[in-house]
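Visitor: One file: upload.pdb (PDB, C-alpha atoms).
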```
MODEL        1
ATOM      1  CA  ASN A  84       0.000   0.000   0.000
ATOM      2  CA  ILE A  85       1.434   3.342  -1.083
ATOM      3  CA  VAL A  86       0.111   5.145   2.005
ATOM      4  CA  HIS A  87       1.909   2.739   4.335
ATOM      5  CA  ASP A  88       5.109   2.972   2.270
ATOM      6  CA  ASP A  89       4.970   6.758   2.396
ATOM      7  CA  HIS A  90       4.339   6.682   6.131
ATOM      8  CA  ALA A  91       7.336   4.382   6.620
ATOM      9  CA  VAL A  92       9.594   6.730   4.640
ATOM     10  CA  ILE A  93       8.520   9.723   6.736
ATOM     11  CA  ILE A  94       9.103   7.803   9.996
ATOM     12  CA  GLU A  95      12.529   6.675   8.805
ATOM     13  CA  PHE A  96      13.426  10.238   7.836
ATOM     14  CA  LEU A  97      12.334  11.642  11.196
ATOM     15  CA  ASN A  98      14.342   9.026  13.047
ATOM     16  CA  LEU A  99      17.461   9.695  10.954
ATOM     17  CA  LEU A 100      16.995  13.423  11.432
ATOM     18  CA  ALA A 101      16.609  13.022  15.187
ATOM     19  CA  ASP A 102      19.821  10.972  15.359
ATOM     20  CA  HIS A 103      21.727  13.500  13.265
ATOM     21  CA  LEU A 104      20.575  16.512  15.285
ATOM     22  CA  GLN A 105      21.190  15.076  18.756
ATOM     23  CA  THR A 106      24.283  17.239  19.191
ATOM     24  CA  PHE A 107      22.499  20.442  18.122
ATOM     25  CA  ASP A 108      20.007  22.709  19.852
ATOM     26  CA  THR A 109      17.022  22.415  17.508
ATOM     27  CA  SER A 110      14.506  24.233  19.688
ATOM     28  CA  SER A 111      14.673  27.327  17.468
ATOM     29  CA  LEU A 112      14.337  25.385  14.200
ATOM     30  CA  ASP A 113      11.157  24.741  12.238
ATOM     31  CA  ILE A 114      11.445  21.380  10.488
ATOM     32  CA  SER A 115       9.086  20.657   7.578
ATOM     33  CA  VAL A 116       8.183  17.103   6.569
ATOM     34  CA  GLY A 117       5.180  15.128   5.432
ATOM     35  CA  SER A 118       2.935  14.413   2.494
ATOM     36  CA  THR A 119      -0.724  13.870   1.776
ATOM     37  CA  PRO A 120      -0.625  10.053   2.163
ATOM     38  CA  SER A 121       1.115  10.300   5.545
ATOM     39  CA  MET A 122      -1.005  13.154   6.922
ATOM     40  CA  PHE A 123      -3.506  11.032   8.801
ATOM     41  CA  SER A 124      -0.793   8.891  10.329
ATOM     42  CA  HIS A 125       0.887  11.754  12.167
ATOM     43  CA  GLU A 126      -0.683  10.766  15.495
ATOM     44  CA  LYS A 127       1.388   7.582  15.317
ATOM     45  CA  MET A 128       4.626   9.535  14.966
ATOM     46  CA  ASN A 129       6.709  10.917  17.830
ATOM     47  CA  ILE A 130       6.807  14.436  16.426
ATOM     48  CA  PRO A 131       8.374  17.318  18.374
ATOM     49  CA  ASN A 132       6.524  20.618  18.584
ATOM     50  CA  ASN A 133       8.818  22.361  16.113
ATOM     51  CA  VAL A 134       8.042  19.980  13.218
ATOM     52  CA  GLU A 135       5.569  21.217  10.607
ATOM     53  CA  LEU A 136       3.595  18.667   8.599
ATOM     54  CA  HIS A 137       3.040  19.667   4.987
ATOM     55  CA  PRO A 138       0.048  17.656   3.793
ATOM     56  CA  GLY A 139       0.061  18.809   0.168
ATOM     57  CA  ASN A 140      -3.451  18.553  -1.279
ATOM     58  CA  TYR A 141      -5.357  16.663   1.394
ATOM     59  CA  VAL A 142      -7.916  19.489   1.521
ATOM     60  CA  PHE A 143      -8.941  18.606  -2.058
ATOM     61  CA  TYR A 144      -7.674  15.113  -2.895
ATOM     62  CA  ASP A 145      -7.660  13.927  -6.511
ATOM     63  CA  ARG A 146      -7.229  10.825  -8.681
ATOM     64  CA  GLN A 147      -3.591  10.448  -7.636
ATOM     65  CA  GLN A 148      -4.612  10.234  -3.965
ATOM     66  CA  LEU A 149      -7.360   7.767  -4.857
ATOM     67  CA  TYR A 150      -4.633   5.591  -6.352
ATOM     68  CA  THR A 151      -2.350   5.856  -3.318
ATOM     69  CA  GLY A 152      -5.183   4.970  -0.939
ATOM     70  CA  ALA A 153      -5.007   8.282   0.930
ATOM     71  CA  CYS A 154      -8.733   8.678   0.290
ATOM     72  CA  ALA A 155     -11.260   5.887  -0.004
ATOM     73  CA  ASN A 156     -13.411   6.877  -2.975
ATOM     74  CA  GLU A 157     -14.565   9.737  -5.193
ATOM     75  CA  SER A 158     -16.906  11.094  -2.517
ATOM     76  CA  CYS A 159     -13.793  12.052  -0.501
ATOM     77  CA  VAL A 160     -12.556  14.323  -3.289
ATOM     78  CA  ALA A 161     -13.457  18.000  -2.809
ATOM     79  CA  GLY A 162     -11.842  19.601  -5.855
ATOM     80  CA  PHE A 163     -13.669  19.245  -9.179
ATOM     81  CA  VAL A 164     -13.824  21.090 -12.478
ATOM     82  CA  LEU A 165     -17.323  21.829 -13.776
ATOM     83  CA  ALA A 166     -17.499  21.304 -17.541
ATOM     84  CA  ARG A 167     -20.235  21.778 -20.123
ATOM     85  CA  VAL A 168     -21.090  19.328 -22.910
ATOM     86  CA  MET A 169     -20.434  21.175 -26.155
ATOM     87  CA  GLY A 170     -20.360  18.467 -28.791
ATOM     88  CA  HIS A 171     -21.911  15.128 -29.745
ATOM     89  CA  TYR A 172     -19.917  12.928 -32.124
ATOM     90  CA  GLU A 173     -22.218  10.058 -32.952
ATOM     91  CA  ASP A 174     -20.199   8.567 -35.798
ATOM     92  CA  SER A 175     -18.801   5.098 -35.202
ATOM     93  CA  HIS A 176     -15.214   6.380 -35.378
ATOM     94  CA  ARG A 177     -15.566   8.695 -32.375
ATOM     95  CA  ASN A 178     -18.795   7.765 -30.529
ATOM     96  CA  ALA A 179     -18.002  10.442 -27.936
ATOM     97  CA  ILE A 180     -18.875  13.782 -26.401
ATOM     98  CA  MET A 181     -16.746  16.900 -26.134
ATOM     99  CA  VAL A 182     -16.663  19.078 -22.996
ATOM    100  CA  ASP A 183     -15.305  22.593 -22.607
ATOM    101  CA  ALA A 184     -12.513  21.876 -20.116
ATOM    102  CA  GLY A 185      -9.084  20.894 -21.342
ATOM    103  CA  ALA A 186      -5.457  21.279 -20.373
ATOM    104  CA  THR A 187      -5.880  24.912 -19.315
ATOM    105  CA  ALA A 188      -8.404  23.757 -16.688
ATOM    106  CA  LEU A 189      -7.033  20.351 -15.705
ATOM    107  CA  THR A 190      -3.405  20.224 -16.962
ATOM    108  CA  LYS A 191      -2.072  17.119 -18.712
ATOM    109  CA  GLU A 192      -0.580  15.433 -15.670
ATOM    110  CA  VAL A 193      -1.008  11.669 -15.688
ATOM    111  CA  THR A 194      -1.795   9.125 -12.968
ATOM    112  CA  PRO A 195      -1.223   5.360 -12.789
ATOM    113  CA  GLN A 196      -4.918   4.735 -13.550
ATOM    114  CA  GLY A 197      -4.537   6.345 -16.982
ATOM    115  CA  ASP A 198      -6.924   8.833 -18.649
ATOM    116  CA  MET A 199      -6.605  12.617 -18.655
ATOM    117  CA  CYS A 200      -9.163  13.033 -15.841
ATOM    118  CA  ALA A 201     -12.359  11.215 -14.802
ATOM    119  CA  VAL A 202     -16.098  11.909 -14.859
ATOM    120  CA  PHE A 203     -17.445  11.972 -11.298
ATOM    121  CA  GLY A 204     -19.633   8.953 -10.591
ATOM    122  CA  ARG A 205     -19.197   7.463 -14.064
ATOM    123  CA  PRO A 206     -16.339   4.919 -14.017
ATOM    124  CA  GLU A 207     -17.582   3.425 -17.288
ATOM    125  CA  LEU A 208     -16.584   6.622 -19.127
ATOM    126  CA  GLU A 209     -13.084   7.346 -20.383
ATOM    127  CA  CYS A 210     -11.605  10.831 -20.785
ATOM    128  CA  TYR A 211      -9.366   9.643 -23.578
ATOM    129  CA  ARG A 212      -8.141  12.772 -25.324
ATOM    130  CA  MET A 213      -7.464  16.345 -24.246
ATOM    131  CA  SER A 214      -6.373  19.485 -26.046
ATOM    132  CA  GLN A 215      -5.843  22.970 -24.695
ATOM    133  CA  GLU A 216      -9.528  23.807 -24.291
ATOM    134  CA  VAL A 217     -11.530  20.562 -24.607
ATOM    135  CA  THR A 218     -11.691  16.935 -23.492
ATOM    136  CA  MET A 219     -13.195  14.001 -25.395
ATOM    137  CA  ILE A 220     -15.147  11.375 -23.443
ATOM    138  CA  ARG A 221     -16.311   7.939 -24.621
ATOM    139  CA  CYS A 222     -17.447   4.624 -23.157
ATOM    140  CA  ARG A 223     -14.503   2.652 -21.848
ATOM    141  CA  ASP A 224     -15.729  -0.643 -23.299
ATOM    142  CA  GLY A 225     -16.512   0.723 -26.751
ATOM    143  CA  THR A 226     -20.292   0.421 -26.446
ATOM    144  CA  PRO A 227     -22.553   3.140 -27.923
ATOM    145  CA  PHE A 228     -22.315   6.354 -25.925
ATOM    146  CA  PRO A 229     -25.487   7.314 -23.962
ATOM    147  CA  PHE A 230     -25.862  10.709 -25.639
ATOM    148  CA  ASP A 231     -29.379  11.212 -24.242
ATOM    149  CA  ASN A 232     -27.914  11.252 -20.710
ATOM    150  CA  PHE A 233     -25.519  14.058 -21.667
ATOM    151  CA  PRO A 234     -27.497  16.592 -23.720
ATOM    152  CA  LEU A 235     -25.730  19.553 -25.283
ATOM    153  CA  GLY A 236     -25.365  22.312 -22.706
ATOM    154  CA  SER A 237     -25.584  19.982 -19.714
ATOM    155  CA  THR A 238     -22.807  19.973 -17.128
ATOM    156  CA  ILE A 239     -20.586  17.280 -15.653
ATOM    157  CA  LEU A 240     -18.003  17.160 -12.890
ATOM    158  CA  LEU A 241     -14.445  16.188 -13.778
ATOM    159  CA  LEU A 242     -11.978  14.792 -11.243
ATOM    160  CA  PRO A 243      -8.491  16.175 -11.858
ATOM    161  CA  ASN A 244      -5.525  13.835 -11.843
ATOM    162  CA  HIS A 245      -3.683  16.371  -9.673
ATOM    163  CA  SER A 246      -5.871  18.918  -7.895
ATOM    164  CA  CYS A 247      -3.062  21.302  -6.911
ATOM    165  CA  LEU A 248      -2.194  21.915 -10.543
ATOM    166  CA  ALA A 249      -5.834  22.117 -11.610
ATOM    167  CA  ALA A 250      -6.652  24.545  -8.782
ATOM    168  CA  ALA A 251      -3.813  26.800  -9.917
ATOM    169  CA  CYS A 252      -5.618  27.234 -13.257
ATOM    170  CA  PHE A 253      -8.448  29.193 -11.636
ATOM    171  CA  ASP A 254      -8.777  32.597  -9.955
ATOM    172  CA  VAL A 255     -11.795  31.661  -7.856
ATOM    173  CA  TYR A 256     -13.150  28.488  -6.235
ATOM    174  CA  HIS A 257     -16.882  27.959  -5.821
ATOM    175  CA  VAL A 258     -17.702  26.283  -2.513
ATOM    176  CA  VAL A 259     -20.849  24.161  -2.566
ATOM    177  CA  ASP A 260     -23.164  23.118   0.233
ATOM    178  CA  GLU A 261     -22.877  19.499   1.290
ATOM    179  CA  ASP A 262     -25.349  18.779   4.049
ATOM    180  CA  GLY A 263     -25.028  15.005   3.936
ATOM    181  CA  GLU A 264     -28.639  14.583   2.836
ATOM    182  CA  ARG A 265     -28.153  15.198  -0.877
ATOM    183  CA  PRO A 266     -25.335  13.745  -2.959
ATOM    184  CA  PHE A 267     -22.866  16.210  -4.419
ATOM    185  CA  SER A 268     -23.896  17.108  -7.955
ATOM    186  CA  THR A 269     -23.640  19.745 -10.659
ATOM    187  CA  ASP A 270     -26.641  21.580  -9.194
ATOM    188  CA  SER A 271     -25.357  21.716  -5.600
ATOM    189  CA  GLU A 272     -25.873  25.124  -4.001
ATOM    190  CA  ILE A 273     -22.897  27.492  -4.075
ATOM    191  CA  VAL A 274     -22.503  28.929  -0.573
ATOM    192  CA  ASP A 275     -19.215  30.815  -0.873
ATOM    193  CA  THR A 276     -16.380  31.740  -3.201
ATOM    194  CA  TRP A 277     -12.701  31.613  -2.313
ATOM    195  CA  LYS A 278      -9.948  33.556  -4.027
ATOM    196  CA  PRO A 279      -6.627  31.712  -3.832
ATOM    197  CA  ALA A 280      -3.363  33.510  -3.151
ATOM    198  CA  LYS A 281      -1.384  33.687  -6.374
ATOM    199  CA  GLY A 282       2.287  34.192  -7.161
ATOM    200  CA  TRP A 283       5.357  34.421  -4.954
ATOM    201  CA  THR A 284       6.351  37.246  -2.645
TER     202      THR A 284
ENDMDL
END
```
Write the structure described by the file as structure tokens, please.
Guide:
Amino acid sequence: NIVHDDHAVIIEFLNLLADHLQTFDTSSLDISVGSTPSMFSHEKMNIPNNVELHPGNYVFYDRQQLYTGACANESCVAGFVLARVMGHYEDSHRNAIMVDAGATALTKEVTPQGDMCAVFGRPELECYRMSQEVTMIRCRDGTPFPFDNFPLGSTILLLPNHSCLAAACFDVYHVVDEDGERPFSTDSEIVDTWKPAKGWT
């Protein structure tokens, strides 16, 4: 399991660091370690007060963290890209839809699962090709695409392969209401907007 391997590496590093620094006064140092997969194992570590844990993207999660086992399933992912269906290609060669989110919204980072991104709640669909502005989506098994379920102008949620990079593509994040009674969907109520800090100072 990748999460356990990552956790073991962090523990080994902390132990080596502790051994190396025994002869130094480290009380005035801030030591930064950690990763998203190891974040929820920190209570098992003997961490001094001056060690900062850097959890990466655990506030969002993404397809990469699904692969590592850091999060259990898609419902744990909080960062999505909303895309609109803008094309139906019903010929036998393509048998696909086109949506209006491409590399400038999701980046072209890859994950071990393959595909450019994923459609939330639809594992049978494959995001097989991406250009700068659009992504093409088809049925993974080659069966006829259910065009009636994805009419032109309708919206879908795309799971980024790497949410940190995808989040950096946007100047505002729309926060939706999740009360536990309704499943997260494209018509979830927007309750707030967040503007991320950009650039380096």
Visitor: Any idea what's packed within 10 Å of A:Arg177, counting only C-alpha atoms, ignoring anything in its chain fewer than 2 positions away? Could you give it as an NGL selection string?
Guide: :A and (171-175 or 179-180 or 219-221 or 225 or 227-228)
Visitor: Starting from the PyMOL selection byres ((chain A and resi 146-148) around 10), expand the selection into actual residues of this file and give them as a PyMOL selection string.
Guide: chain A and resi 85-86+119-120+140-141+143-145+149-157+159-160+192-197+200-201+242-246
Visitor: Which one of A:Ala166, A:Ala184, A:Val259, A:Leu241 sits closest to A:Leu208 if you count only C-alpha atoms?
Guide: A:Leu241
Visitor: Of the candidates A:Leu240, A:Val182, A:Leu99, A:Ile114, which one gets nearest to A:Ser268 if we count only C-alpha atoms?
Guide: A:Leu240
Visitor: Taking all atoms listed in the file into account, name the residue in A:Thr187, A:Gln105, A:Asn232, A:Ser118 that is nearest to A:Val164.
Guide: A:Thr187
Visitor: May I ask which of the residues A:Gly185, A:Gly204, A:Pro279, A:Gly139 is the closest one to A:Tyr256, counting all atoms listed in the file?
Guide: A:Pro279
Visitor: When distances are computed from only C-alpha atoms, which of A:Thr106, A:Thr276, A:Ser271, A:Thr238 shows the smallest separation from A:Val255?
Guide: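 Under the stated criterion, the closest residue is A:Thr276.
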Visitor: Between A:Phe163, A:Phe107, A:Phe233, A:Phe96, single out the one closest to A:Cys247, counting only C-alpha atoms.
Guide: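 Nearest to A:Cys247: A:Phe163.
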Visitor: Enter the distance from atom CA of A:Leu235 to atom CA of A:Ala251, in Å, rounded to one decimal.
Guide: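 Going from atom CA of A:Leu235 over to atom CA of A:Ala251 covers 27.7 Å.
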Visitor: Between atom CA of A:Met213 and atom CA of A:Ala188, what is the distance in Å, rounded to a tenth?
Guide: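 Atom-to-atom, atom CA of A:Met213 to atom CA of A:Ala188, that is 10.6 Å.
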Visitor: Around all the atoms of stretch 205-208 of chain A listed in the file, with 3 Å of room on each side, what axis-aligned box do you get, giving centre and edge lengths in Å to one decimal, as AutoDock Vina command-line options?
Guide:
```
--center_x -17.8 --center_y 5.4 --center_z -16.6 --size_x 8.9 --size_y 10.0 --size_z 11.1
```
Visitor: Once the PyMOL selection byres ((chain A and resi 135) around 6) is applied to the coordinates I shared, what remains selected? I want it as a short mmCIF file (atom, residue, chain, number, x, y, z; two decimals) with C-alpha atoms, keeping the file's coordinate frame.
Guide:
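Output (selection_13.cif):
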```cif
data_model
loop_
_atom_site.label_atom_id
_atom_site.label_comp_id
_atom_site.auth_asym_id
_atom_site.auth_seq_id
_atom_site.Cartn_x
_atom_site.Cartn_y
_atom_site.Cartn_z
CA ILE A 114 11.44 21.38 10.49
CA SER A 115 9.09 20.66 7.58
CA VAL A 134 8.04 19.98 13.22
CA LEU A 136 3.60 18.67 8.60
#
```
Visitor: Quick test: take stretch 192-226 of chain A, keep N, CA and C atoms, and write it as a PDB file, in the first residue's frame.
Guide:
```
ATOM      1  N   GLU A 192      -1.263  16.358 -16.571  1.00  0.00           N
ATOM      2  CA  GLU A 192      -0.580  15.433 -15.670  1.00  0.00           C
ATOM      3  C   GLU A 192      -1.255  14.063 -15.731  1.00  0.00           C
ATOM      4  N   VAL A 193      -0.469  13.026 -15.605  1.00  0.00           N
ATOM      5  CA  VAL A 193      -1.008  11.669 -15.688  1.00  0.00           C
ATOM      6  C   VAL A 193      -1.005  11.008 -14.304  1.00  0.00           C
ATOM      7  N   THR A 194      -1.779   9.940 -14.181  1.00  0.00           N
ATOM      8  CA  THR A 194      -1.795   9.125 -12.968  1.00  0.00           C
ATOM      9  C   THR A 194      -1.686   7.661 -13.381  1.00  0.00           C
ATOM     10  N   PRO A 195      -1.355   6.783 -12.441  1.00  0.00           N
ATOM     11  CA  PRO A 195      -1.223   5.360 -12.789  1.00  0.00           C
ATOM     12  C   PRO A 195      -2.496   4.740 -13.356  1.00  0.00           C
ATOM     13  N   GLN A 196      -3.674   5.303 -13.029  1.00  0.00           N
ATOM     14  CA  GLN A 196      -4.918   4.735 -13.550  1.00  0.00           C
ATOM     15  C   GLN A 196      -5.100   5.000 -15.033  1.00  0.00           C
ATOM     16  N   GLY A 197      -4.332   5.947 -15.599  1.00  0.00           N
ATOM     17  CA  GLY A 197      -4.537   6.345 -16.982  1.00  0.00           C
ATOM     18  C   GLY A 197      -5.633   7.390 -17.101  1.00  0.00           C
ATOM     19  N   ASP A 198      -5.930   7.807 -18.309  1.00  0.00           N
ATOM     20  CA  ASP A 198      -6.924   8.833 -18.649  1.00  0.00           C
ATOM     21  C   ASP A 198      -6.421  10.226 -18.264  1.00  0.00           C
ATOM     22  N   MET A 199      -7.003  11.231 -18.883  1.00  0.00           N
ATOM     23  CA  MET A 199      -6.605  12.617 -18.655  1.00  0.00           C
ATOM     24  C   MET A 199      -7.256  13.203 -17.405  1.00  0.00           C
ATOM     25  N   CYS A 200      -8.396  12.649 -17.034  1.00  0.00           N
ATOM     26  CA  CYS A 200      -9.163  13.033 -15.841  1.00  0.00           C
ATOM     27  C   CYS A 200     -10.248  11.971 -15.727  1.00  0.00           C
ATOM     28  N   ALA A 201     -11.268  12.191 -14.912  1.00  0.00           N
ATOM     29  CA  ALA A 201     -12.359  11.215 -14.802  1.00  0.00           C
ATOM     30  C   ALA A 201     -13.671  11.960 -14.612  1.00  0.00           C
ATOM     31  N   VAL A 202     -14.759  11.345 -15.057  1.00  0.00           N
ATOM     32  CA  VAL A 202     -16.098  11.909 -14.859  1.00  0.00           C
ATOM     33  C   VAL A 202     -16.614  11.398 -13.520  1.00  0.00           C
ATOM     34  N   PHE A 203     -16.977  12.317 -12.640  1.00  0.00           N
ATOM     35  CA  PHE A 203     -17.445  11.972 -11.298  1.00  0.00           C
ATOM     36  C   PHE A 203     -18.642  11.022 -11.377  1.00  0.00           C
ATOM     37  N   GLY A 204     -18.532   9.895 -10.678  1.00  0.00           N
ATOM     38  CA  GLY A 204     -19.633   8.953 -10.591  1.00  0.00           C
ATOM     39  C   GLY A 204     -19.871   8.107 -11.823  1.00  0.00           C
ATOM     40  N   ARG A 205     -18.987   8.208 -12.821  1.00  0.00           N
ATOM     41  CA  ARG A 205     -19.197   7.463 -14.064  1.00  0.00           C
ATOM     42  C   ARG A 205     -17.921   6.699 -14.451  1.00  0.00           C
ATOM     43  N   PRO A 206     -17.578   5.644 -13.717  1.00  0.00           N
ATOM     44  CA  PRO A 206     -16.339   4.919 -14.017  1.00  0.00           C
ATOM     45  C   PRO A 206     -16.343   4.236 -15.373  1.00  0.00           C
ATOM     46  N   GLU A 207     -17.514   4.074 -15.980  1.00  0.00           N
ATOM     47  CA  GLU A 207     -17.582   3.425 -17.288  1.00  0.00           C
ATOM     48  C   GLU A 207     -17.155   4.351 -18.425  1.00  0.00           C
ATOM     49  N   LEU A 208     -16.977   5.646 -18.108  1.00  0.00           N
ATOM     50  CA  LEU A 208     -16.584   6.622 -19.127  1.00  0.00           C
ATOM     51  C   LEU A 208     -15.086   6.872 -19.075  1.00  0.00           C
ATOM     52  N   GLU A 209     -14.525   7.146 -20.240  1.00  0.00           N
ATOM     53  CA  GLU A 209     -13.084   7.346 -20.383  1.00  0.00           C
ATOM     54  C   GLU A 209     -12.815   8.728 -20.976  1.00  0.00           C
ATOM     55  N   CYS A 210     -12.051   9.536 -20.258  1.00  0.00           N
ATOM     56  CA  CYS A 210     -11.605  10.831 -20.785  1.00  0.00           C
ATOM     57  C   CYS A 210     -10.316  10.563 -21.552  1.00  0.00           C
ATOM     58  N   TYR A 211     -10.463  10.259 -22.830  1.00  0.00           N
ATOM     59  CA  TYR A 211      -9.366   9.643 -23.578  1.00  0.00           C
ATOM     60  C   TYR A 211      -8.489  10.623 -24.335  1.00  0.00           C
ATOM     61  N   ARG A 212      -8.967  11.819 -24.572  1.00  0.00           N
ATOM     62  CA  ARG A 212      -8.141  12.772 -25.324  1.00  0.00           C
ATOM     63  C   ARG A 212      -8.409  14.189 -24.823  1.00  0.00           C
ATOM     64  N   MET A 213      -7.353  14.980 -24.741  1.00  0.00           N
ATOM     65  CA  MET A 213      -7.464  16.345 -24.246  1.00  0.00           C
ATOM     66  C   MET A 213      -6.606  17.265 -25.099  1.00  0.00           C
ATOM     67  N   SER A 214      -7.156  18.427 -25.410  1.00  0.00           N
ATOM     68  CA  SER A 214      -6.373  19.485 -26.046  1.00  0.00           C
ATOM     69  C   SER A 214      -6.358  20.676 -25.096  1.00  0.00           C
ATOM     70  N   GLN A 215      -5.956  21.807 -25.578  1.00  0.00           N
ATOM     71  CA  GLN A 215      -5.843  22.970 -24.695  1.00  0.00           C
ATOM     72  C   GLN A 215      -7.162  23.330 -24.029  1.00  0.00           C
ATOM     73  N   GLU A 216      -8.249  23.289 -24.796  1.00  0.00           N
ATOM     74  CA  GLU A 216      -9.528  23.807 -24.291  1.00  0.00           C
ATOM     75  C   GLU A 216     -10.620  22.759 -24.123  1.00  0.00           C
ATOM     76  N   VAL A 217     -10.442  21.545 -24.632  1.00  0.00           N
ATOM     77  CA  VAL A 217     -11.530  20.562 -24.607  1.00  0.00           C
ATOM     78  C   VAL A 217     -11.020  19.181 -24.222  1.00  0.00           C
ATOM     79  N   THR A 218     -11.970  18.339 -23.782  1.00  0.00           N
ATOM     80  CA  THR A 218     -11.691  16.935 -23.492  1.00  0.00           C
ATOM     81  C   THR A 218     -12.743  16.080 -24.193  1.00  0.00           C
ATOM     82  N   MET A 219     -12.298  14.949 -24.743  1.00  0.00           N
ATOM     83  CA  MET A 219     -13.195  14.001 -25.395  1.00  0.00           C
ATOM     84  C   MET A 219     -13.456  12.835 -24.443  1.00  0.00           C
ATOM     85  N   ILE A 220     -14.728  12.424 -24.376  1.00  0.00           N
ATOM     86  CA  ILE A 220     -15.147  11.375 -23.443  1.00  0.00           C
ATOM     87  C   ILE A 220     -15.947  10.323 -24.197  1.00  0.00           C
ATOM     88  N   ARG A 221     -15.614   9.047 -23.966  1.00  0.00           N
ATOM     89  CA  ARG A 221     -16.311   7.939 -24.621  1.00  0.00           C
ATOM     90  C   ARG A 221     -16.522   6.815 -23.597  1.00  0.00           C
ATOM     91  N   CYS A 222     -17.262   5.794 -24.011  1.00  0.00           N
ATOM     92  CA  CYS A 222     -17.447   4.624 -23.157  1.00  0.00           C
ATOM     93  C   CYS A 222     -16.162   3.799 -23.165  1.00  0.00           C
ATOM     94  N   ARG A 223     -15.761   3.384 -21.998  1.00  0.00           N
ATOM     95  CA  ARG A 223     -14.503   2.652 -21.848  1.00  0.00           C
ATOM     96  C   ARG A 223     -14.500   1.325 -22.604  1.00  0.00           C
ATOM     97  N   ASP A 224     -15.663   0.678 -22.671  1.00  0.00           N
ATOM     98  CA  ASP A 224     -15.729  -0.643 -23.299  1.00  0.00           C
ATOM     99  C   ASP A 224     -16.104  -0.599 -24.776  1.00  0.00           C
ATOM    100  N   GLY A 225     -16.222   0.602 -25.331  1.00  0.00           N
ATOM    101  CA  GLY A 225     -16.512   0.723 -26.751  1.00  0.00           C
ATOM    102  C   GLY A 225     -17.973   0.623 -27.122  1.00  0.00           C
ATOM    103  N   THR A 226     -18.863   0.494 -26.161  1.00  0.00           N
ATOM    104  CA  THR A 226     -20.292   0.421 -26.446  1.00  0.00           C
ATOM    105  C   THR A 226     -20.808   1.793 -26.878  1.00  0.00           C
TER     106      THR A 226
END
```
